[in-house]
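Text of the file run.cif, holding mmCIF, C-alpha atoms and all ligand atoms:
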```
data_start
#
loop_
_atom_site.label_atom_id
_atom_site.label_comp_id
_atom_site.auth_asym_id
_atom_site.auth_seq_id
_atom_site.Cartn_x
_atom_site.Cartn_y
_atom_site.Cartn_z
CA MET V 13 30.81 81.51 18.20
CA ARG V 14 28.44 81.69 15.22
CA LEU V 15 25.91 79.00 14.39
CA LEU V 16 23.97 78.45 11.19
CA ILE V 17 20.87 76.24 11.40
CA THR V 18 19.20 74.82 8.28
CA GLY V 19 15.59 73.59 8.34
CA ALA V 20 15.13 76.01 11.21
CA ALA V 21 11.31 76.11 10.97
CA GLY V 22 11.04 72.36 11.56
CA MET V 23 10.24 70.72 14.89
CA LEU V 24 13.88 70.17 15.89
CA GLY V 25 15.21 73.27 14.11
CA GLN V 26 12.94 75.54 16.16
CA ASP V 27 14.19 74.07 19.44
CA VAL V 28 17.84 74.26 18.38
CA ALA V 29 17.38 77.92 17.39
CA ALA V 30 15.60 78.72 20.66
CA ALA V 31 18.23 76.95 22.77
CA ALA V 32 21.08 78.67 20.90
CA THR V 33 19.50 82.10 21.31
CA ALA V 34 18.86 81.42 25.01
CA ALA V 35 22.54 80.44 25.39
CA GLY V 36 23.60 83.77 23.86
CA ILE V 37 25.04 82.14 20.73
CA GLU V 38 25.05 84.27 17.59
CA THR V 39 22.62 82.31 15.43
CA LEU V 40 21.43 82.44 11.86
CA ALA V 41 18.35 80.22 11.66
CA LEU V 42 17.24 79.61 8.06
CA SER V 43 13.92 78.03 7.15
CA ARG V 44 13.36 76.13 3.91
CA GLY V 45 11.95 79.33 2.36
CA GLU V 46 15.21 81.10 3.20
CA LEU V 47 17.59 78.31 2.18
CA ASP V 48 16.83 75.23 0.10
CA ILE V 49 19.60 72.75 0.92
CA ALA V 50 18.95 70.89 -2.35
CA ASP V 51 20.35 73.97 -4.17
CA PRO V 52 24.16 73.70 -3.91
CA GLY V 53 24.82 77.27 -5.09
CA ALA V 54 22.38 78.75 -2.59
CA VAL V 55 23.92 76.71 0.23
CA GLU V 56 27.44 77.79 -0.69
CA ASP V 57 26.34 81.46 -0.87
CA ALA V 58 24.55 81.33 2.48
CA VAL V 59 27.44 79.64 4.27
CA SER V 60 30.15 81.82 2.80
CA ARG V 61 28.15 84.95 3.67
CA ALA V 62 27.36 83.84 7.24
CA ARG V 63 30.85 82.43 7.98
CA PRO V 64 29.56 80.22 10.81
CA HIS V 65 31.83 78.14 13.03
CA VAL V 66 29.27 75.33 13.05
CA VAL V 67 26.36 74.41 10.77
CA VAL V 68 23.59 72.28 12.27
CA ASN V 69 21.61 70.59 9.51
CA CYS V 70 18.04 70.06 10.74
CA ALA V 71 16.60 70.19 7.21
CA ALA V 72 15.18 66.94 5.87
CA TRP V 73 12.43 65.23 3.94
CA THR V 74 10.68 63.59 6.91
CA ASP V 75 7.57 62.13 5.26
CA VAL V 76 8.52 58.49 5.78
CA ASP V 77 5.57 57.05 3.85
CA GLY V 78 5.78 59.68 1.10
CA ALA V 79 9.44 58.80 0.50
CA GLU V 80 8.39 55.33 -0.73
CA SER V 81 6.75 56.87 -3.81
CA HIS V 82 8.96 60.02 -4.03
CA ASP V 83 12.35 58.55 -3.26
CA ARG V 84 14.19 60.82 -5.74
CA ASP V 85 12.71 63.93 -4.15
CA ALA V 86 13.55 62.64 -0.67
CA LEU V 87 17.09 61.75 -1.79
CA ALA V 88 17.63 65.24 -3.23
CA VAL V 89 17.16 66.67 0.28
CA ASN V 90 18.28 63.89 2.63
CA GLY V 91 21.19 62.69 0.46
CA ALA V 92 22.57 65.35 -1.91
CA GLY V 93 21.20 68.20 0.24
CA ALA V 94 23.05 66.97 3.31
CA GLY V 95 26.21 66.74 1.19
CA ASN V 96 25.70 70.31 -0.05
CA VAL V 97 25.58 71.57 3.53
CA ALA V 98 28.69 69.67 4.63
CA ARG V 99 30.65 70.67 1.50
CA ALA V 100 29.84 74.36 1.92
CA ALA V 101 30.69 74.20 5.62
CA ALA V 102 34.00 72.43 4.99
CA GLY V 103 34.80 75.04 2.34
CA THR V 104 34.77 77.76 5.01
CA ASP V 105 36.39 75.63 7.76
CA ALA V 106 33.10 75.24 9.61
CA TRP V 107 32.09 72.05 11.43
CA THR V 108 28.95 70.19 10.31
CA ILE V 109 26.51 68.62 12.72
CA HIS V 110 24.13 66.50 10.69
CA VAL V 111 21.00 64.87 12.13
CA SER V 112 20.27 61.32 11.03
CA SER V 113 17.88 58.58 12.01
CA ASP V 114 17.38 55.18 13.65
CA TYR V 115 15.68 54.18 10.36
CA VAL V 116 19.12 53.48 8.87
CA PHE V 117 18.82 50.18 10.78
CA ASP V 118 16.60 47.30 9.69
CA GLY V 119 15.30 46.59 13.19
CA THR V 120 16.29 42.93 13.46
CA LYS V 121 18.50 43.43 16.54
CA ARG V 122 17.02 43.00 20.02
CA GLU V 123 19.38 45.17 22.00
CA PRO V 124 20.22 48.84 21.41
CA TYR V 125 21.98 49.61 18.14
CA VAL V 126 25.44 51.14 18.65
CA GLU V 127 27.40 53.30 16.23
CA SER V 128 29.41 50.46 14.66
CA ASP V 129 26.39 48.27 13.90
CA PRO V 130 25.97 47.88 10.14
CA ALA V 131 23.29 50.10 8.64
CA SER V 132 20.74 48.30 6.52
CA PRO V 133 17.66 50.47 5.97
CA ALA V 134 14.37 48.79 5.12
CA SER V 135 12.56 51.90 3.86
CA ALA V 136 13.22 54.50 1.14
CA TYR V 137 13.40 57.18 3.86
CA GLY V 138 16.05 55.16 5.72
CA ARG V 139 18.03 54.69 2.51
CA THR V 140 18.00 58.46 1.86
CA LYS V 141 19.12 59.16 5.43
CA LEU V 142 21.98 56.67 5.06
CA ALA V 143 22.93 58.31 1.74
CA GLY V 144 23.03 61.65 3.60
CA GLU V 145 25.41 60.23 6.21
CA GLN V 146 27.70 59.00 3.43
CA GLU V 147 27.54 62.35 1.59
CA VAL V 148 28.40 64.26 4.78
CA ALA V 149 31.32 61.95 5.59
CA ARG V 150 32.63 62.32 2.03
CA ALA V 151 32.21 66.11 1.87
CA ALA V 152 33.69 66.91 5.30
CA PRO V 153 35.71 63.83 6.27
CA SER V 154 37.43 65.38 9.29
CA ALA V 155 34.91 68.06 10.26
CA HIS V 156 31.55 66.45 10.96
CA THR V 157 29.40 64.89 13.63
CA ILE V 158 26.50 62.72 12.45
CA VAL V 159 23.93 62.50 15.23
CA ARG V 160 21.51 59.59 14.87
CA THR V 161 18.38 60.08 16.88
CA SER V 162 14.88 58.58 17.00
CA TRP V 163 11.14 59.02 17.56
CA LEU V 164 11.31 62.83 17.91
CA PHE V 165 8.52 64.73 19.62
CA GLY V 166 8.38 68.43 20.41
CA ALA V 167 6.20 71.49 20.68
CA GLY V 168 7.32 72.84 17.30
CA GLY V 169 5.62 70.33 15.04
CA PRO V 170 3.11 67.55 14.57
CA CYS V 171 4.27 64.55 16.60
CA PHE V 172 3.09 61.31 18.19
CA PRO V 173 2.07 62.72 21.62
CA ALA V 174 0.03 65.48 19.93
CA THR V 175 -1.73 62.92 17.72
CA ILE V 176 -2.43 60.57 20.62
CA MET V 177 -3.85 63.41 22.74
CA ARG V 178 -6.11 64.52 19.92
CA LEU V 179 -7.37 60.99 19.23
CA ALA V 180 -7.74 60.13 22.93
CA ALA V 181 -9.91 63.22 23.41
CA GLU V 182 -12.17 62.12 20.53
CA ARG V 183 -12.43 58.37 21.18
CA ASP V 184 -13.15 55.95 24.01
CA GLU V 185 -10.50 53.50 22.88
CA LEU V 186 -7.37 53.54 20.79
CA ASN V 187 -5.28 50.74 19.28
CA VAL V 188 -1.54 51.41 19.22
CA VAL V 189 1.23 49.16 17.89
CA ASP V 190 3.11 47.27 20.56
CA ASP V 191 5.61 45.41 18.35
CA GLN V 192 7.80 48.39 17.40
CA VAL V 193 10.28 49.45 20.05
CA GLY V 194 12.43 52.56 20.04
CA CYS V 195 13.62 55.54 22.07
CA PRO V 196 11.25 58.53 22.10
CA THR V 197 13.33 61.72 22.16
CA PHE V 198 12.17 65.17 23.23
CA THR V 199 13.49 67.78 20.78
CA GLY V 200 14.09 70.23 23.66
CA HIS V 201 16.54 67.72 25.19
CA LEU V 202 18.15 66.85 21.85
CA ALA V 203 18.60 70.56 21.02
CA VAL V 204 20.69 71.08 24.16
CA ALA V 205 22.83 68.05 23.29
CA LEU V 206 23.38 69.36 19.75
CA LEU V 207 24.55 72.66 21.21
CA GLU V 208 26.95 70.83 23.54
CA LEU V 209 28.40 69.22 20.42
CA ALA V 210 28.44 72.54 18.57
CA THR V 211 30.15 74.53 21.31
CA GLY V 212 32.72 71.88 22.10
CA ALA V 213 31.28 71.13 25.54
CA ALA V 214 31.08 67.66 24.00
CA ALA V 215 33.39 67.55 20.99
CA VAL V 216 32.81 64.31 19.15
CA ALA V 217 33.72 63.55 15.56
CA GLY V 218 32.13 60.87 13.39
CA THR V 219 28.83 59.17 14.14
CA VAL V 220 27.09 59.24 17.52
CA HIS V 221 23.77 58.00 18.84
CA VAL V 222 21.82 60.49 20.93
CA ALA V 223 18.26 59.53 21.96
CA GLY V 224 15.96 59.53 24.97
CA GLY V 225 16.81 56.91 27.59
CA SER V 226 14.86 53.64 28.12
CA PRO V 227 13.30 52.04 25.02
CA CYS V 228 9.56 51.44 24.89
CA SER V 229 6.91 50.48 22.35
CA TRP V 230 4.54 52.99 20.72
CA TYR V 231 1.77 51.42 22.85
CA GLU V 232 3.70 52.01 26.09
CA PHE V 233 4.48 55.56 24.95
CA ALA V 234 0.80 56.20 24.13
CA ARG V 235 -0.39 54.83 27.48
CA ARG V 236 1.91 57.20 29.35
CA ILE V 237 0.80 60.16 27.17
CA VAL V 238 -2.87 59.46 27.96
CA GLU V 239 -2.12 58.89 31.64
CA LEU V 240 -0.07 62.08 32.07
CA SER V 241 -2.52 64.22 30.15
CA GLY V 242 -5.44 62.95 32.27
CA LEU V 243 -7.52 61.78 29.31
CA ASP V 244 -10.16 59.07 29.66
CA CYS V 245 -9.38 56.63 26.85
CA ASP V 246 -8.68 52.91 26.81
CA VAL V 247 -5.34 52.39 25.01
CA ARG V 248 -5.00 48.86 23.64
CA PRO V 249 -1.98 47.07 22.11
CA CYS V 250 -2.10 45.93 18.50
CA THR V 251 0.38 44.64 15.92
CA THR V 252 2.07 46.37 12.98
CA ALA V 253 0.29 43.89 10.70
CA GLU V 254 -3.04 45.26 11.95
CA MET V 255 -2.00 48.83 11.03
CA PRO V 256 -0.34 48.56 7.60
CA ARG V 257 1.59 51.63 6.36
CA PRO V 258 3.29 52.24 2.98
CA ALA V 259 6.81 52.28 4.49
CA PRO V 260 8.15 49.44 6.63
CA ARG V 261 9.23 50.53 10.13
CA PRO V 262 12.03 48.82 12.07
CA ALA V 263 10.54 46.47 14.70
CA TYR V 264 13.34 47.44 17.06
CA SER V 265 15.40 50.61 16.68
CA ALA V 266 16.49 51.58 20.19
CA LEU V 267 19.76 53.51 20.04
CA GLY V 268 22.65 53.05 22.47
CA THR V 269 26.20 54.32 22.32
CA GLU V 270 29.61 52.70 22.49
CA ARG V 271 31.38 56.08 22.25
CA GLY V 272 32.06 56.56 25.98
CA ASP V 273 31.58 59.61 28.14
CA GLU V 274 32.13 62.27 25.51
CA VAL V 275 28.69 61.68 23.94
CA PRO V 276 25.88 63.74 25.48
CA ARG V 277 23.34 61.56 27.34
CA LEU V 278 19.69 62.54 27.26
CA PRO V 279 17.19 62.19 30.08
CA ASN V 280 14.66 59.35 30.00
CA TRP V 281 11.84 59.91 27.47
CA GLU V 282 9.30 60.07 30.34
CA LEU V 283 11.04 63.21 31.61
CA GLY V 284 10.99 64.49 28.03
CA LEU V 285 7.27 63.82 27.85
CA GLU V 286 6.63 65.71 31.10
CA ARG V 287 8.65 68.64 29.76
CA TYR V 288 6.80 68.51 26.42
CA LEU V 289 3.41 68.61 28.20
CA ALA V 290 4.57 71.54 30.33
CA VAL V 291 5.81 73.50 27.29
CA ARG V 292 2.57 72.72 25.45
CA ALA V 293 0.46 73.89 28.39
CA LEU V 294 2.44 77.14 28.59
CA ALA V 295 1.92 77.79 24.88
CA ARG V 296 -1.89 77.60 25.24
N1 LIG P 1 10.75 63.24 13.46
C1 LIG P 1 11.34 62.13 13.86
O1 LIG P 1 10.74 61.26 14.49
C2 LIG P 1 12.81 61.90 13.56
C3 LIG P 1 13.43 60.74 14.03
C4 LIG P 1 14.79 60.54 13.78
C5 LIG P 1 15.50 61.50 13.07
N2 LIG P 1 14.87 62.60 12.61
C6 LIG P 1 15.66 63.59 11.87
O2 LIG P 1 15.69 64.78 12.64
C7 LIG P 1 15.82 65.90 11.77
C8 LIG P 1 14.76 66.95 12.12
O3 LIG P 1 13.48 66.37 11.90
P1 LIG P 1 12.14 67.06 12.39
O4 LIG P 1 11.36 66.04 13.13
O5 LIG P 1 12.42 68.39 13.01
O6 LIG P 1 11.43 67.23 10.98
P2 LIG P 1 10.54 68.43 10.40
O7 LIG P 1 9.72 69.04 11.46
O8 LIG P 1 9.87 67.86 9.19
O9 LIG P 1 11.64 69.48 9.97
C9 LIG P 1 12.40 69.37 8.80
C10 LIG P 1 12.49 70.73 8.20
O10 LIG P 1 13.28 70.66 7.00
C11 LIG P 1 12.65 71.46 6.04
N3 LIG P 1 13.07 71.08 4.69
C12 LIG P 1 12.57 70.11 3.88
N4 LIG P 1 13.20 70.13 2.69
C13 LIG P 1 14.11 71.14 2.75
C14 LIG P 1 15.07 71.66 1.85
N5 LIG P 1 15.19 71.17 0.62
N6 LIG P 1 15.84 72.70 2.26
C15 LIG P 1 15.70 73.22 3.49
N7 LIG P 1 14.83 72.78 4.40
C16 LIG P 1 14.04 71.74 4.03
C17 LIG P 1 11.18 71.27 6.26
O11 LIG P 1 10.45 72.31 5.65
P3 LIG P 1 8.93 72.03 5.16
O12 LIG P 1 8.17 71.64 6.37
O13 LIG P 1 8.55 73.34 4.57
O14 LIG P 1 9.04 70.91 4.16
C18 LIG P 1 11.11 71.33 7.79
O15 LIG P 1 10.99 72.64 8.24
C19 LIG P 1 15.73 65.33 10.34
O16 LIG P 1 17.04 65.14 9.86
C20 LIG P 1 15.06 63.99 10.53
O17 LIG P 1 15.41 63.08 9.50
C21 LIG P 1 13.55 62.84 12.83
#
```

Could you show the structure in this file as structure tokens?
Amino acid sequence: MRLLITGAAGMLGQDVAAAATAAGIETLALSRGELDIADPGAVEDAVSRARPHVVVNCAAWTDVDGAESHDRDALAVNGAGAGNVARAAAGTDAWTIHVSSDYVFDGTKREPYVESDPASPASAYGRTKLAGEQEVARAAPSAHTIVRTSWLFGAGGPCFPATIMRLAAERDELNVVDDQVGCPTFTGHLAVALLELATGAAAVAGTVHVAGGSPCSWYEFARRIVELSGLDCDVRPCTTAEMPRPAPRPAYSALGTERGDEVPRLPNWELGLERYLAVRALAR
């Protein structure tokens, strides 16, 4: 089996490429410099040359706040770009696995969002991610899996645990929002699940939710990060209103699934965090 990964230099893309290589899968991992998914001709060329069985689209505009003032640029990647990938893949009979986000939901629910819940994004980023889902479904109606995930952290990029560890080492106390709840997801765990979907170990069409188990708030996540990394810092809860950001975040965006046993289940985020800290320590 041959796999093509777009956005392969990103946090998730790196872990998918590493997991695929470790599993002995023939993999073409293309960074943004090697393939710009906003360029339809380049995408078509790359896919028709590589002839993959599956394309995993990890490329995205992920600057959530920046998307508020650059929504057209974000849409060109997250919307049209996602469609370019799925169209090129469908044109060569390849399957598309497209990564989407919990930010397609507005956050008003108080129990985990399932696949059939109506999407209603509150931010420009969320709107572009929803547009990408629609583009993918239109371009490859019977040959795609859209994987919604959330609160990614991993060794291959800047992420919340890395930021908290840096700040906790510099400060005696830290305020972290306690009124946003979601499912932190370790990219190393998600990468394995994406490969299960790619190889048919878990063959699921349409939209699925795949995220770390057990929702928590950013404050609870931060406390555990500080505790596990042995830092001496007082982590205190605060509200979103006390920490204003350009883009609104969903107050609640935990993801659950109604798709039954065929959907890969990820370990609890605390196990993901332990794994992340171990990988980080090894890399130093
Ligand atoms: N991070 C999260 O918390 C989170 C949560 C839910 C879902 N997701 C989704 O998960 C996926 C992976 O995100 P991530 O956290 O790994 O983000 P990331 O580290 O920012 O990786 C995204 C990659 O896409 C590349 N890219 C941007 N524009 C591109 C283009 N036009 N053509 C090709 N590549 C392009 C970026 O390159 P540059 O760095 O050079 O721009 C980057 O390497 C995305 O679909 C994201 O929406 C992320």

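In this comparison, which uses only C-alpha atoms and all ligand atoms, the residue of V:Glu147, V:Asp191, V:Glu185, V:Asp85 approaching ligand LIG 1 (chain P) most closely is V:Asp85.
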
Next on the checklist: To check your reading of the model: which residues sit at most 7 Å from ligand LIG 1 (chain P) when counting only C-alpha atoms and all ligand atoms? Write the answer as a PyMOL selection string.
Outcome noted: chain V and resi 18-25+43-44+47-50+70-74+89+93+111-114+141+160-165+169

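Comparing V:Ala253, V:Val216, V:Ala32, V:Ala167 by their smallest distance to Ala290 in chain V, the closest is V:Ala167 (using all atoms listed in the file).
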
List the neighbours of range 132-135 of chain V out to 8 Å using all atoms listed in the file; skip same-chain residues closer than 3 positions along the sequence, and give me the result as an mmCIF file with C-alpha atoms, in the coordinates of the input.
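Below is the file that was written, result.cif:
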```cif
data_model
loop_
_atom_site.group_PDB
_atom_site.id
_atom_site.type_symbol
_atom_site.label_atom_id
_atom_site.label_comp_id
_atom_site.auth_asym_id
_atom_site.auth_seq_id
_atom_site.Cartn_x
_atom_site.Cartn_y
_atom_site.Cartn_z
ATOM 1 C CA VAL V 76 8.520 58.490 5.780
ATOM 2 C CA GLU V 80 8.390 55.330 -0.730
ATOM 3 C CA TYR V 115 15.680 54.180 10.360
ATOM 4 C CA VAL V 116 19.120 53.480 8.870
ATOM 5 C CA PHE V 117 18.820 50.180 10.780
ATOM 6 C CA ASP V 118 16.600 47.300 9.690
ATOM 7 C CA GLY V 138 16.050 55.160 5.720
ATOM 8 C CA ARG V 139 18.030 54.690 2.510
ATOM 9 C CA LEU V 142 21.980 56.670 5.060
ATOM 10 C CA ALA V 259 6.810 52.280 4.490
ATOM 11 C CA PRO V 260 8.150 49.440 6.630
ATOM 12 C CA ARG V 261 9.230 50.530 10.130
ATOM 13 C CA PRO V 262 12.030 48.820 12.070
#
```

Checklist entry - Any idea what's packed within 8 Å of range 284-287 of chain V, counting all atoms listed in the file, ignoring anything in its chain fewer than 5 positions away? Could you give it as a PyMOL selection string? => result chain V and resi 197-198+200-201+224+237+240+279

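Distance check against Gly268 in chain V using all atoms listed in the file: of V:Ala293, V:Ala54, V:Ala223, V:Val68, the minimum falls on V:Ala223.
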
Checklist entry - Which is closer to Cys195 in chain V than all the others in V:Asp129, V:Glu239, V:Glu282, V:Asp75, using all atoms listed in the file? => result V:Glu282

Item to check | Which residue of V:Gly91, V:Glu208, V:Arg150, V:Gly119 approaches Val28 in chain V most closely, using all atoms listed in the file | outcome: V:Glu208
